[in-house]
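File shown: work.pdb. Contents: PDB, C-alpha atoms.
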```pdb
MODEL        1
ATOM      1  CA  MET A   1     101.757 119.217  67.412
ATOM      2  CA  GLY A   2      99.350 117.068  69.490
ATOM      3  CA  VAL A   3     100.096 113.564  70.714
ATOM      4  CA  GLY A   4      97.691 111.995  68.226
ATOM      5  CA  SER A   5      99.258 113.592  65.167
ATOM      6  CA  SER A   6     102.722 112.817  66.461
ATOM      7  CA  LEU A   7     101.799 109.126  66.814
ATOM      8  CA  ILE A   8     100.585 109.008  63.216
ATOM      9  CA  GLY A   9     104.013 110.234  62.212
ATOM     10  CA  MET A  10     105.683 107.642  64.373
ATOM     11  CA  ALA A  11     103.559 104.820  62.980
ATOM     12  CA  ALA A  12     104.454 105.840  59.431
ATOM     13  CA  GLY A  13     108.167 106.111  60.139
ATOM     14  CA  PRO A  14     110.658 103.443  59.064
ATOM     15  CA  GLY A  15     111.500 100.729  61.567
ATOM     16  CA  VAL A  16     108.698 101.605  64.006
ATOM     17  CA  THR A  17     106.154  98.877  64.708
ATOM     18  CA  PRO A  18     102.882  98.659  66.688
ATOM     19  CA  ALA A  19     103.962  97.437  70.142
ATOM     20  CA  MET A  20     106.820  99.923  70.422
ATOM     21  CA  VAL A  21     104.500 102.673  69.172
ATOM     22  CA  ALA A  22     102.227 101.931  72.144
ATOM     23  CA  VAL A  23     105.167 101.934  74.567
ATOM     24  CA  ARG A  24     106.556 105.183  73.171
ATOM     25  CA  ALA A  25     103.106 106.799  73.265
ATOM     26  CA  ALA A  26     102.743 105.894  76.950
ATOM     27  CA  VAL A  27     106.183 107.306  77.726
ATOM     28  CA  ARG A  28     105.536 110.439  75.670
ATOM     29  CA  SER A  29     102.291 111.173  77.538
ATOM     30  CA  THR A  30     104.270 111.137  80.792
ATOM     31  CA  LEU A  31     107.072 113.310  79.410
ATOM     32  CA  LEU A  32     104.502 115.880  78.271
ATOM     33  CA  LYS A  33     103.736 116.613  81.933
ATOM     34  CA  MET A  34     107.368 117.318  82.798
ATOM     35  CA  GLU A  35     109.545 120.410  82.626
ATOM     36  CA  VAL A  36     111.862 120.910  79.678
ATOM     37  CA  GLY A  37     115.454 120.293  80.706
ATOM     38  CA  GLU A  38     114.730 117.909  83.584
ATOM     39  CA  LYS A  39     116.960 114.968  84.459
ATOM     40  CA  VAL A  40     115.336 111.569  84.956
ATOM     41  CA  ILE A  41     116.530 108.102  85.898
ATOM     42  CA  VAL A  42     115.349 104.952  84.156
ATOM     43  CA  ALA A  43     115.734 101.779  86.227
ATOM     44  CA  CYS A  44     116.470  98.783  84.023
ATOM     45  CA  SER A  45     117.035  95.159  84.984
ATOM     46  CA  GLY A  46     117.468  94.074  81.385
ATOM     47  CA  GLY A  47     114.048  92.385  81.310
ATOM     48  CA  ALA A  48     111.588  93.127  78.510
ATOM     49  CA  ASP A  49     109.523  95.664  80.479
ATOM     50  CA  SER A  50     112.344  97.929  81.618
ATOM     51  CA  LEU A  51     114.314  97.438  78.392
ATOM     52  CA  ALA A  52     111.365  98.576  76.257
ATOM     53  CA  LEU A  53     110.871 101.515  78.635
ATOM     54  CA  SER A  54     114.547 102.477  78.342
ATOM     55  CA  HIS A  55     114.418 102.371  74.548
ATOM     56  CA  ALA A  56     111.262 104.482  74.464
ATOM     57  CA  LEU A  57     112.800 107.077  76.778
ATOM     58  CA  ALA A  58     115.968 107.165  74.698
ATOM     59  CA  GLN A  59     113.834 107.965  71.647
ATOM     60  CA  GLU A  60     111.330 110.373  73.202
ATOM     61  CA  ALA A  61     113.137 112.266  75.983
ATOM     62  CA  PRO A  62     115.505 114.242  73.704
ATOM     63  CA  LYS A  63     112.459 115.856  72.048
ATOM     64  CA  PHE A  64     111.752 117.530  75.409
ATOM     65  CA  ALA A  65     115.417 118.275  76.204
ATOM     66  CA  ILE A  66     115.112 115.786  79.066
ATOM     67  CA  SER A  67     118.286 113.946  80.059
ATOM     68  CA  VAL A  68     118.039 110.227  80.828
ATOM     69  CA  ILE A  69     120.384 108.529  83.293
ATOM     70  CA  GLY A  70     120.472 104.731  83.183
ATOM     71  CA  ILE A  71     120.657 102.764  86.438
ATOM     72  CA  THR A  72     120.729  99.005  86.826
ATOM     73  CA  ILE A  73     120.694  97.396  90.265
ATOM     74  CA  ASP A  74     122.845  94.346  90.924
ATOM     75  CA  HIS A  75     121.201  92.571  93.873
ATOM     76  CA  GLN A  76     124.057  90.014  93.975
ATOM     77  CA  LEU A  77     121.540  87.216  94.476
ATOM     78  CA  GLN A  78     122.527  85.106  91.469
ATOM     79  CA  LEU A  79     125.640  83.692  89.908
ATOM     80  CA  ASN A  80     127.137  86.163  87.426
ATOM     81  CA  SER A  81     124.755  88.941  88.444
ATOM     82  CA  GLY A  82     127.630  91.328  87.743
ATOM     83  CA  GLY A  83     127.813  90.050  84.164
ATOM     84  CA  GLN A  84     124.131  90.815  83.646
ATOM     85  CA  ALA A  85     124.621  94.302  85.072
ATOM     86  CA  ARG A  86     127.458  94.906  82.604
ATOM     87  CA  ARG A  87     125.202  93.694  79.780
ATOM     88  CA  VAL A  88     122.587  96.289  80.732
ATOM     89  CA  LEU A  89     125.280  98.986  80.677
ATOM     90  CA  GLU A  90     126.174  97.877  77.141
ATOM     91  CA  GLN A  91     122.512  98.130  76.151
ATOM     92  CA  PHE A  92     122.313 101.604  77.672
ATOM     93  CA  ALA A  93     125.358 102.569  75.587
ATOM     94  CA  ASP A  94     123.727 101.186  72.414
ATOM     95  CA  MET A  95     120.684 103.382  73.163
ATOM     96  CA  ALA A  96     122.944 106.418  73.805
ATOM     97  CA  ILE A  97     121.723 106.623  77.420
ATOM     98  CA  SER A  98     124.514 108.311  79.346
ATOM     99  CA  PRO A  99     125.576 108.532  82.093
ATOM    100  CA  ALA A 100     124.752 105.006  83.177
ATOM    101  CA  GLU A 101     125.732 103.080  86.280
ATOM    102  CA  ALA A 102     125.431  99.599  87.774
ATOM    103  CA  ILE A 103     124.868  99.772  91.530
ATOM    104  CA  GLN A 104     125.562  96.787  93.751
ATOM    105  CA  VAL A 105     123.272  96.404  96.759
ATOM    106  CA  ARG A 106     123.244  94.065  99.722
ATOM    107  CA  VAL A 107     119.920  92.306 100.320
ATOM    108  CA  ASP A 108     119.659  91.442 104.019
ATOM    109  CA  LEU A 109     116.626  89.095 103.693
ATOM    110  CA  THR A 110     115.140  90.225 107.020
ATOM    111  CA  ASP A 111     111.549  89.982 105.753
ATOM    112  CA  GLY A 112     111.770  87.647 102.769
ATOM    113  CA  LEU A 113     113.547  87.819  99.427
ATOM    114  CA  GLU A 114     110.968  89.907  97.556
ATOM    115  CA  SER A 115     110.439  92.590 100.186
ATOM    116  CA  SER A 116     114.112  92.812 101.129
ATOM    117  CA  ALA A 117     115.251  93.089  97.501
ATOM    118  CA  ARG A 118     112.608  95.741  96.830
ATOM    119  CA  ARG A 119     113.685  97.768  99.841
ATOM    120  CA  ALA A 120     117.367  97.612  98.845
ATOM    121  CA  ARG A 121     116.522  98.530  95.243
ATOM    122  CA  TYR A 122     114.409 101.567  96.099
ATOM    123  CA  LEU A 123     117.004 102.803  98.581
ATOM    124  CA  ALA A 124     119.701 102.601  95.904
ATOM    125  CA  LEU A 125     117.517 104.372  93.339
ATOM    126  CA  GLY A 126     116.767 107.137  95.827
ATOM    127  CA  LEU A 127     120.462 107.673  96.485
ATOM    128  CA  ALA A 128     121.155 107.673  92.740
ATOM    129  CA  SER A 129     118.500 110.340  92.172
ATOM    130  CA  GLU A 130     120.240 112.565  94.727
ATOM    131  CA  LYS A 131     123.658 111.875  93.225
ATOM    132  CA  TYR A 132     122.594 112.819  89.690
ATOM    133  CA  GLY A 133     120.095 115.539  90.591
ATOM    134  CA  ALA A 134     117.226 113.611  88.988
ATOM    135  CA  ARG A 135     113.820 114.311  90.556
ATOM    136  CA  LYS A 136     111.969 111.518  88.715
ATOM    137  CA  ILE A 137     112.638 107.778  88.422
ATOM    138  CA  PHE A 138     110.992 105.773  85.638
ATOM    139  CA  LEU A 139     109.995 102.190  86.458
ATOM    140  CA  GLY A 140     108.862  99.523  83.987
ATOM    141  CA  HIS A 141     105.837  98.055  85.794
ATOM    142  CA  THR A 142     103.117  96.888  83.394
ATOM    143  CA  ARG A 143      99.409  96.146  83.550
ATOM    144  CA  ASP A 144     100.280  92.547  84.432
ATOM    145  CA  ASP A 145     102.316  93.727  87.427
ATOM    146  CA  GLN A 146      99.375  95.872  88.504
ATOM    147  CA  ALA A 147      96.980  92.908  88.355
ATOM    148  CA  GLU A 148      99.361  90.808  90.442
ATOM    149  CA  THR A 149      99.708  93.604  92.995
ATOM    150  CA  VAL A 150      95.920  93.843  93.406
ATOM    151  CA  LEU A 151      95.642  90.090  93.985
ATOM    152  CA  LEU A 152      98.467  90.188  96.529
ATOM    153  CA  GLY A 153      96.590  92.950  98.352
ATOM    154  CA  LEU A 154      93.412  90.881  98.337
ATOM    155  CA  GLY A 155      95.296  87.908  99.748
ATOM    156  CA  ARG A 156      96.572  90.014 102.644
ATOM    157  CA  GLY A 157      93.096  91.340 103.434
ATOM    158  CA  SER A 158      94.309  94.875 102.743
ATOM    159  CA  GLY A 159      92.238  98.043 102.570
ATOM    160  CA  VAL A 160      91.267 100.108  99.562
ATOM    161  CA  ARG A 161      94.637 101.894  99.404
ATOM    162  CA  SER A 162      96.511  98.627  98.977
ATOM    163  CA  LEU A 163      93.935  97.346  96.485
ATOM    164  CA  SER A 164      94.543 100.452  94.386
ATOM    165  CA  GLY A 165      97.855  98.912  93.377
ATOM    166  CA  MET A 166     100.788 100.977  92.143
ATOM    167  CA  ALA A 167     100.437 104.666  91.320
ATOM    168  CA  ALA A 168     101.382 105.834  87.840
ATOM    169  CA  ASP A 169     102.943 108.931  89.405
ATOM    170  CA  THR A 170     103.961 109.213  93.062
ATOM    171  CA  GLY A 171     105.759 112.505  92.546
ATOM    172  CA  ARG A 172     109.085 110.692  92.443
ATOM    173  CA  TYR A 173     108.391 107.365  90.771
ATOM    174  CA  LEU A 174     106.779 107.242  87.327
ATOM    175  CA  ARG A 175     105.203 104.110  85.856
ATOM    176  CA  PRO A 176     104.056 104.993  82.345
ATOM    177  CA  LEU A 177     103.531 101.365  81.267
ATOM    178  CA  LEU A 178     100.682 100.466  83.648
ATOM    179  CA  GLY A 179      98.366 100.409  80.634
ATOM    180  CA  ILE A 180     100.785  98.245  78.603
ATOM    181  CA  THR A 181     100.844  94.450  78.835
ATOM    182  CA  ARG A 182     103.879  92.257  79.360
ATOM    183  CA  LEU A 183     103.258  90.677  75.942
ATOM    184  CA  GLN A 184     103.433  94.148  74.386
ATOM    185  CA  THR A 185     106.804  94.922  75.967
ATOM    186  CA  GLU A 186     108.169  91.589  74.771
ATOM    187  CA  ALA A 187     106.881  92.285  71.264
ATOM    188  CA  ALA A 188     108.281  95.831  71.396
ATOM    189  CA  CYS A 189     111.756  94.506  72.212
ATOM    190  CA  ALA A 190     111.549  92.011  69.366
ATOM    191  CA  GLU A 191     110.423  94.722  66.961
ATOM    192  CA  VAL A 192     113.482  96.903  67.554
ATOM    193  CA  GLY A 193     116.014  94.092  68.027
ATOM    194  CA  LEU A 194     116.478  94.294  71.782
ATOM    195  CA  MET A 195     117.472  91.100  73.597
ATOM    196  CA  PRO A 196     115.783  90.961  77.029
ATOM    197  CA  TRP A 197     117.152  89.022  79.969
ATOM    198  CA  SER A 198     114.966  86.391  81.603
ATOM    199  CA  ASP A 199     115.378  86.633  85.375
ATOM    200  CA  PRO A 200     115.435  83.108  86.896
ATOM    201  CA  HIS A 201     113.531  84.471  89.898
ATOM    202  CA  ASN A 202     110.534  84.959  87.593
ATOM    203  CA  ASP A 203     110.170  81.154  87.527
ATOM    204  CA  ASP A 204     110.814  80.569  91.226
ATOM    205  CA  LEU A 205     107.538  79.260  92.679
ATOM    206  CA  SER A 206     108.793  79.796  96.225
ATOM    207  CA  LEU A 207     108.079  83.506  95.632
ATOM    208  CA  VAL A 208     104.497  84.601  96.251
ATOM    209  CA  ARG A 209     104.294  86.953  93.267
ATOM    210  CA  VAL A 210     105.512  84.212  90.925
ATOM    211  CA  ARG A 211     102.817  81.840  92.225
ATOM    212  CA  VAL A 212     100.194  84.535  91.626
ATOM    213  CA  ARG A 213     101.507  85.042  88.088
ATOM    214  CA  LYS A 214     101.904  81.416  87.077
ATOM    215  CA  GLN A 215      99.200  79.655  89.090
ATOM    216  CA  VAL A 216      96.513  82.010  90.409
ATOM    217  CA  ILE A 217      95.924  84.233  87.372
ATOM    218  CA  PRO A 218      95.778  81.316  84.882
ATOM    219  CA  VAL A 219      93.105  79.652  87.062
ATOM    220  CA  LEU A 220      91.111  82.903  87.189
ATOM    221  CA  GLU A 221      91.407  83.322  83.433
ATOM    222  CA  SER A 222      90.255  79.742  82.895
ATOM    223  CA  ALA A 223      87.198  80.294  85.082
ATOM    224  CA  LEU A 224      86.359  83.922  84.296
ATOM    225  CA  GLY A 225      87.826  84.573  80.868
ATOM    226  CA  PRO A 226      90.969  86.205  79.455
ATOM    227  CA  GLY A 227      90.116  89.741  80.592
ATOM    228  CA  VAL A 228      91.013  89.179  84.256
ATOM    229  CA  ARG A 229      94.262  91.158  84.181
ATOM    230  CA  ALA A 230      92.593  94.155  82.549
ATOM    231  CA  ALA A 231      89.677  93.977  84.988
ATOM    232  CA  LEU A 232      92.023  93.889  87.990
ATOM    233  CA  ALA A 233      93.915  96.895  86.629
ATOM    234  CA  ARG A 234      90.618  98.787  86.198
ATOM    235  CA  SER A 235      89.673  97.884  89.768
ATOM    236  CA  ALA A 236      93.005  99.305  90.923
ATOM    237  CA  ALA A 237      92.313 102.622  89.170
ATOM    238  CA  LEU A 238      88.810 102.863  90.668
ATOM    239  CA  SER A 239      90.102 101.952  94.130
ATOM    240  CA  ARG A 240      92.800 104.622  93.848
ATOM    241  CA  ASP A 241      90.157 107.275  93.126
ATOM    242  CA  ASP A 242      88.208 106.177  96.210
ATOM    243  CA  ALA A 243      91.330 106.009  98.388
ATOM    244  CA  ASP A 244      92.447 109.487  97.292
ATOM    245  CA  ALA A 245      89.016 110.940  98.137
ATOM    246  CA  LEU A 246      88.896 109.255 101.564
ATOM    247  CA  ASP A 247      92.463 110.255 102.390
ATOM    248  CA  GLY A 248      91.717 113.859 101.438
ATOM    249  CA  TRP A 249      88.631 113.921 103.667
ATOM    250  CA  ALA A 250      90.575 112.417 106.578
ATOM    251  CA  THR A 251      93.403 114.940 106.178
ATOM    252  CA  ARG A 252      90.954 117.830 106.326
ATOM    253  CA  GLU A 253      89.364 116.396 109.482
ATOM    254  CA  PHE A 254      92.755 115.802 111.078
ATOM    255  CA  GLN A 255      93.777 119.406 110.486
ATOM    256  CA  THR A 256      90.812 120.593 112.583
ATOM    257  CA  LEU A 257      91.864 118.494 115.608
ATOM    258  CA  GLU A 258      94.719 118.611 118.084
ATOM    259  CA  ALA A 259      97.196 116.121 116.678
ATOM    260  CA  ASN A 260      98.251 114.499 119.961
ATOM    261  CA  SER A 261      94.882 114.680 121.745
ATOM    262  CA  LEU A 262      91.829 113.905 119.615
ATOM    263  CA  ASP A 263      88.310 114.621 120.856
ATOM    264  CA  ILE A 264      86.485 111.279 121.237
ATOM    265  CA  ARG A 265      83.063 112.689 120.348
ATOM    266  CA  ALA A 266      84.422 114.265 117.158
ATOM    267  CA  LEU A 267      86.056 110.966 116.171
ATOM    268  CA  ALA A 268      82.946 108.920 116.970
ATOM    269  CA  ALA A 269      80.857 111.147 114.699
ATOM    270  CA  LEU A 270      83.037 110.318 111.691
ATOM    271  CA  PRO A 271      82.461 107.322 109.376
ATOM    272  CA  ARG A 272      84.785 104.506 110.384
ATOM    273  CA  ALA A 273      86.730 104.742 107.101
ATOM    274  CA  ILE A 274      87.573 108.366 107.930
ATOM    275  CA  ARG A 275      88.085 107.782 111.657
ATOM    276  CA  THR A 276      90.705 105.083 111.111
ATOM    277  CA  ARG A 277      92.555 107.311 108.649
ATOM    278  CA  VAL A 278      92.582 110.201 111.114
ATOM    279  CA  ILE A 279      93.903 107.845 113.802
ATOM    280  CA  ARG A 280      96.603 106.591 111.437
ATOM    281  CA  LEU A 281      97.693 110.182 110.743
ATOM    282  CA  ALA A 282      97.829 110.913 114.475
ATOM    283  CA  ILE A 283      99.912 107.801 115.164
ATOM    284  CA  TYR A 284     102.461 108.724 112.524
ATOM    285  CA  ARG A 285     102.516 112.330 113.764
ATOM    286  CA  ALA A 286     103.389 111.012 117.231
ATOM    287  CA  GLY A 287     106.508 109.328 115.844
ATOM    288  CA  THR A 288     105.704 105.818 114.669
ATOM    289  CA  PRO A 289     108.141 105.039 111.806
ATOM    290  CA  ALA A 290     106.645 105.019 108.311
ATOM    291  CA  GLY A 291     105.676 101.579 107.057
ATOM    292  CA  THR A 292     105.621  99.907 110.476
ATOM    293  CA  LEU A 293     101.936 100.351 111.261
ATOM    294  CA  SER A 294      99.578  97.409 110.688
ATOM    295  CA  ALA A 295      95.793  97.256 110.383
ATOM    296  CA  ASP A 296      95.734  95.496 113.790
ATOM    297  CA  HIS A 297      97.522  98.439 115.397
ATOM    298  CA  VAL A 298      94.991 100.911 114.009
ATOM    299  CA  ALA A 299      92.060  98.656 114.951
ATOM    300  CA  ALA A 300      93.256  98.452 118.557
ATOM    301  CA  VAL A 301      93.440 102.240 118.820
ATOM    302  CA  GLU A 302      90.104 102.709 117.024
ATOM    303  CA  ALA A 303      88.488 100.384 119.596
ATOM    304  CA  LEU A 304      89.309 102.989 122.241
ATOM    305  CA  VAL A 305      86.694 105.122 120.466
ATOM    306  CA  SER A 306      84.095 102.666 119.167
ATOM    307  CA  ASN A 307      84.370  99.765 121.620
ATOM    308  CA  TRP A 308      85.457 101.348 124.885
ATOM    309  CA  HIS A 309      85.234  99.135 127.963
ATOM    310  CA  GLY A 310      88.063 100.451 130.100
ATOM    311  CA  GLN A 311      90.991  98.917 128.213
ATOM    312  CA  GLY A 312      94.471 100.293 128.818
ATOM    313  CA  GLU A 313      97.015 101.962 126.591
ATOM    314  CA  VAL A 314      97.875 100.542 123.196
ATOM    315  CA  SER A 315     101.598 100.157 122.467
ATOM    316  CA  LEU A 316     102.584 101.079 118.910
ATOM    317  CA  PRO A 317     105.769 100.841 116.811
ATOM    318  CA  GLY A 318     108.428 103.396 117.653
ATOM    319  CA  GLY A 319     107.534 103.412 121.341
ATOM    320  CA  VAL A 320     104.367 105.470 120.765
ATOM    321  CA  LYS A 321     101.446 104.820 123.129
ATOM    322  CA  ALA A 322      97.767 105.622 122.601
ATOM    323  CA  GLY A 323      95.265 105.874 125.426
ATOM    324  CA  ARG A 324      91.851 107.267 126.297
ATOM    325  CA  LEU A 325      91.674 109.892 129.036
ATOM    326  CA  SER A 326      88.967 112.427 129.950
ATOM    327  CA  GLY A 327      87.106 112.087 126.672
ATOM    328  CA  ARG A 328      90.184 112.422 124.520
ATOM    329  CA  LEU A 329      92.357 110.003 122.552
ATOM    330  CA  SER A 330      95.933 110.885 123.454
ATOM    331  CA  PHE A 331      99.170 109.847 121.730
ATOM    332  CA  LEU A 332     102.384 109.845 123.705
ATOM    333  CA  PRO A 333     105.614 109.805 121.698
ATOM    334  CA  HIS A 334     108.553 107.709 122.853
ATOM    335  CA  PRO A 335     110.634 109.756 125.331
ATOM    336  CA  HIS A 336     114.088 110.343 123.841
TER
ENDMDL
END
```
Could I get this structure in the form of structure tokens?
Amino acid sequence: MGVGSSLIGMAAGPGVTPAMVAVRAAVRSTLLKMEVGEKVIVACSGGADSLALSHALAQEAPKFAISVIGITIDHQLQLNSGGQARRVLEQFADMAISPAEAIQVRVDLTDGLESSARRARYLALGLASEKYGARKIFLGHTRDDQAETVLLGLGRGSGVRSLSGMAADTGRYLRPLLGITRLQTEAACAEVGLMPWSDPHNDDLSLVRVRVRKQVIPVLESALGPGVRAALARSAALSRDDADALDGWATREFQTLEANSLDIRALAALPRAIRTRVIRLAIYRAGTPAGTLSADHVAAVEALVSNWHGQGEVSLPGGVKAGRLSGRLSFLPHPH
């Protein structure tokens, strides 16, 4: 039976209403691409987005013999955070999602609340996936989250990869609700009697994402019309296509070069968008830790090709150094 005919059946069934139909359809389209018998994790905070996602998975995954493991992360950042984690476990039990686990994490706040909490959360989810043998982790990000992510990228002056927002499928993380709005997930929960939790951090204007959500987007909608969120999400999808194509081109070029000693003339002949990507690949190959490289680092190395006037070596994260010598761009890893 095709997805379309199956949705007609769902819509006609008792107790199924439009918003949850849309959520379940989005989840089902993702499950269709998976192997029968797989194990997956659903990450749930208890908010409307992840709660609706959990319910949809509980309903749809058994049709594909896919086992769902429920994980909630207790960041220990609020009073009674443990009580909320226990409430999510109760909701998992009501949905017949088992096994389920609440994982406490320590947020070290080294680079701000949002980034530090995200890092701790993803680390815990990765460890949980290894523990349970689950290759995929479902996350409840919506179209609204995608729009906010694009605006945050714009505010940082990021490149096309950052402006492409969150991927629906990274190979490990799955975000089937990127075409679903936050209002739809709230309506879906109401339709099936789920009681979402409202995270106090979602109203904390000291957080950049909250200011984007509550101040920036409403101003844009007032000036440009109510379709801003959808337009930003479309821009993310188009940017992702462009970024994928450019990254693929750069990877092919990189594979033709010596990784630790790139020919300057070959680099100079490439479009800058490809040249900087090749340089980024070379820097990481030399040992710079993932996620530590900034646009300024890459620009300084790229200047050794496009704006050469005798400057010295460029120091990079991880103790890597880049320098120009005898017509080649060389990368020296940190001596261990």
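For the structure shown here, the set of residues caught by the PyMOL selection byres ((chain A and resi 261) around 8) is A:Leu257, A:Glu258, A:Ala259, A:Asn260, A:Leu262, A:Asp263, A:Arg328, A:Leu329, A:Ser330, A:Phe331.
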Next item on the list: Output the residue selection produced by the PyMOL selection byres ((chain A and resi 317) around 8) on the file above, formatted as number ranges by chain.
Entry: A: 288-289, 292-293, 315-316, 318-320
Next item on the list: Given the file shown, determine the residues that the PyMOL selection byres ((chain A and resi 67) around 12) selects; report them as a PyMOL selection string.
Entry: chain A and resi 31+34-42+57-66+68-70+96-100+132-137
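Taking all atoms listed in the file into account, A:Ala190 lies nearest to A:Ala52 out of the set A:Ala25, A:Ala52, A:Val314, A:Ala286.
Each of A:Ser235, A:Ile264, A:Gly193, A:Arg275 was compared to A:Leu325 using only C-alpha atoms, and A:Ile264 turns out to be the nearest.
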Next item on the list: Considering all atoms listed in the file, return as number ranges by chain whatever protein or nucleic-acid residues lie within 12 Å of A:Gly312, sequence-local ones (same chain, fewer than 3 positions apart) excluded.
Entry: A: 300-301, 303-304, 308-309, 315, 321-325, 329-330
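Once A:Leu174 and its same-chain neighbours fewer than 5 positions away are set aside, Thr30, Lys136, Ile137, Phe138, Leu139, Gly140, Ala167, Ala168 and Asp169 of chain A remain within 9 Å of it when counting only C-alpha atoms.
Interatomic distance, atom CA of A:Asp74 to atom CA of A:Ala124: 10.1 Å.
Computed from the coordinates, the atom CA of A:Ile180 to atom CA of A:Ala230 distance equals 10.0 Å.
You can rank A:Phe254, A:Trp197, A:Tyr284, A:Trp249 by their closest distance to A:Asp49 using only C-alpha atoms, and at the top of that list sits A:Trp197.
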Next item on the list: List the neighbours of A:Val105 out to 9 Å using all atoms listed in the file; skip same-chain residues closer than 6 positions along the sequence, and give me the result as a VMD selection string.
Entry: chain A and resid 73 to 76 117 120 to 121 124
Checklist line | Point-to-point distance in Å for atom CA of A:Gly171 and atom CA of A:Ile71 | finding: 18.8 Å
For stretch 140-149 of chain A, what centre and edge lengths in Å (one decimal) does the axis-aligned box get once 5 Å is added on each side of all its listed atoms, as AutoDock Vina command-line options?
```
--center_x 102.9 --center_y 95.2 --center_z 88.2 --size_x 21.9 --size_y 18.7 --size_z 19.6
```
Next item on the list: Go through A:Arg119, A:Arg175, A:Arg156, A:Lys131 and flag the residue nearest A:Arg28, using all atoms listed in the file for the distances.
Entry: A:Arg175
Checklist line | Residue nearest A:Ala56 among A:Ala250, A:Leu89, A:Ala236, A:Val192 (counting all atoms listed in the file) | finding: A:Val192
Compile the contact shell of A:Asp144 as a CSV table (one decimal) with C-alpha atoms, in the frame of the given file: residues with an atom at most 12 Å away, counting only C-alpha atoms, same-chain residues fewer than 6 positions apart removed.
```csv
chain,number,residue,atom,x,y,z
A,49,ASP,CA,109.5,95.7,80.5
A,150,VAL,CA,95.9,93.8,93.4
A,151,LEU,CA,95.6,90.1,94.0
A,165,GLY,CA,97.9,98.9,93.4
A,166,MET,CA,100.8,101.0,92.1
A,177,LEU,CA,103.5,101.4,81.3
A,178,LEU,CA,100.7,100.5,83.6
A,179,GLY,CA,98.4,100.4,80.6
A,180,ILE,CA,100.8,98.2,78.6
A,181,THR,CA,100.8,94.4,78.8
A,182,ARG,CA,103.9,92.3,79.4
A,183,LEU,CA,103.3,90.7,75.9
A,184,GLN,CA,103.4,94.1,74.4
A,185,THR,CA,106.8,94.9,76.0
A,209,ARG,CA,104.3,87.0,93.3
A,210,VAL,CA,105.5,84.2,90.9
A,212,VAL,CA,100.2,84.5,91.6
A,213,ARG,CA,101.5,85.0,88.1
A,214,LYS,CA,101.9,81.4,87.1
A,217,ILE,CA,95.9,84.2,87.4
A,227,GLY,CA,90.1,89.7,80.6
A,228,VAL,CA,91.0,89.2,84.3
A,229,ARG,CA,94.3,91.2,84.2
A,230,ALA,CA,92.6,94.2,82.5
A,231,ALA,CA,89.7,94.0,85.0
A,232,LEU,CA,92.0,93.9,88.0
A,233,ALA,CA,93.9,96.9,86.6
A,234,ARG,CA,90.6,98.8,86.2
A,236,ALA,CA,93.0,99.3,90.9
```
Next item on the list: Extract, using all atoms listed in the file, all DNA, RNA and protein residues at most 7 Å from stretch 157-161 of chain A, discarding same-chain residues fewer than 4 positions from it, and format them as a count of residues only.
Entry: 4
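Of the residues under consideration (A:Gln255, A:Asn307, A:Ser222, A:Ser50), A:Gln255 shows the shortest atom-to-atom contact distance to A:Arg285 when counting only C-alpha atoms.
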Repair of stretch 51-61 of chain A at the level of N, CA and C atoms, as a CSV table (one decimal), keeping the file's coordinate frame:
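part-v9.csv written:
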```
chain,number,residue,atom,x,y,z
A,51,LEU,N,113.5,97.2,79.6
A,51,LEU,CA,114.3,97.4,78.4
A,51,LEU,C,113.5,98.2,77.4
A,52,ALA,N,112.2,97.8,77.2
A,52,ALA,CA,111.4,98.6,76.3
A,52,ALA,C,111.2,100.0,76.7
A,53,LEU,N,111.0,100.2,78.1
A,53,LEU,CA,110.9,101.5,78.6
A,53,LEU,C,112.1,102.3,78.4
A,54,SER,N,113.3,101.8,78.6
A,54,SER,CA,114.5,102.5,78.3
A,54,SER,C,114.7,102.9,76.9
A,55,HIS,N,114.3,102.0,76.0
A,55,HIS,CA,114.4,102.4,74.5
A,55,HIS,C,113.5,103.5,74.2
A,56,ALA,N,112.2,103.4,74.7
A,56,ALA,CA,111.3,104.5,74.5
A,56,ALA,C,111.7,105.8,75.0
A,57,LEU,N,112.3,105.8,76.2
A,57,LEU,CA,112.8,107.1,76.8
A,57,LEU,C,114.0,107.6,76.0
A,58,ALA,N,114.8,106.7,75.5
A,58,ALA,CA,116.0,107.2,74.7
A,58,ALA,C,115.5,107.8,73.4
A,59,GLN,N,114.4,107.4,72.9
A,59,GLN,CA,113.8,108.0,71.6
A,59,GLN,C,113.0,109.2,71.9
A,60,GLU,N,112.3,109.3,73.0
A,60,GLU,CA,111.3,110.4,73.2
A,60,GLU,C,111.9,111.5,74.0
A,61,ALA,N,112.7,111.2,75.1
A,61,ALA,CA,113.1,112.3,76.0
A,61,ALA,C,113.9,113.4,75.3
```
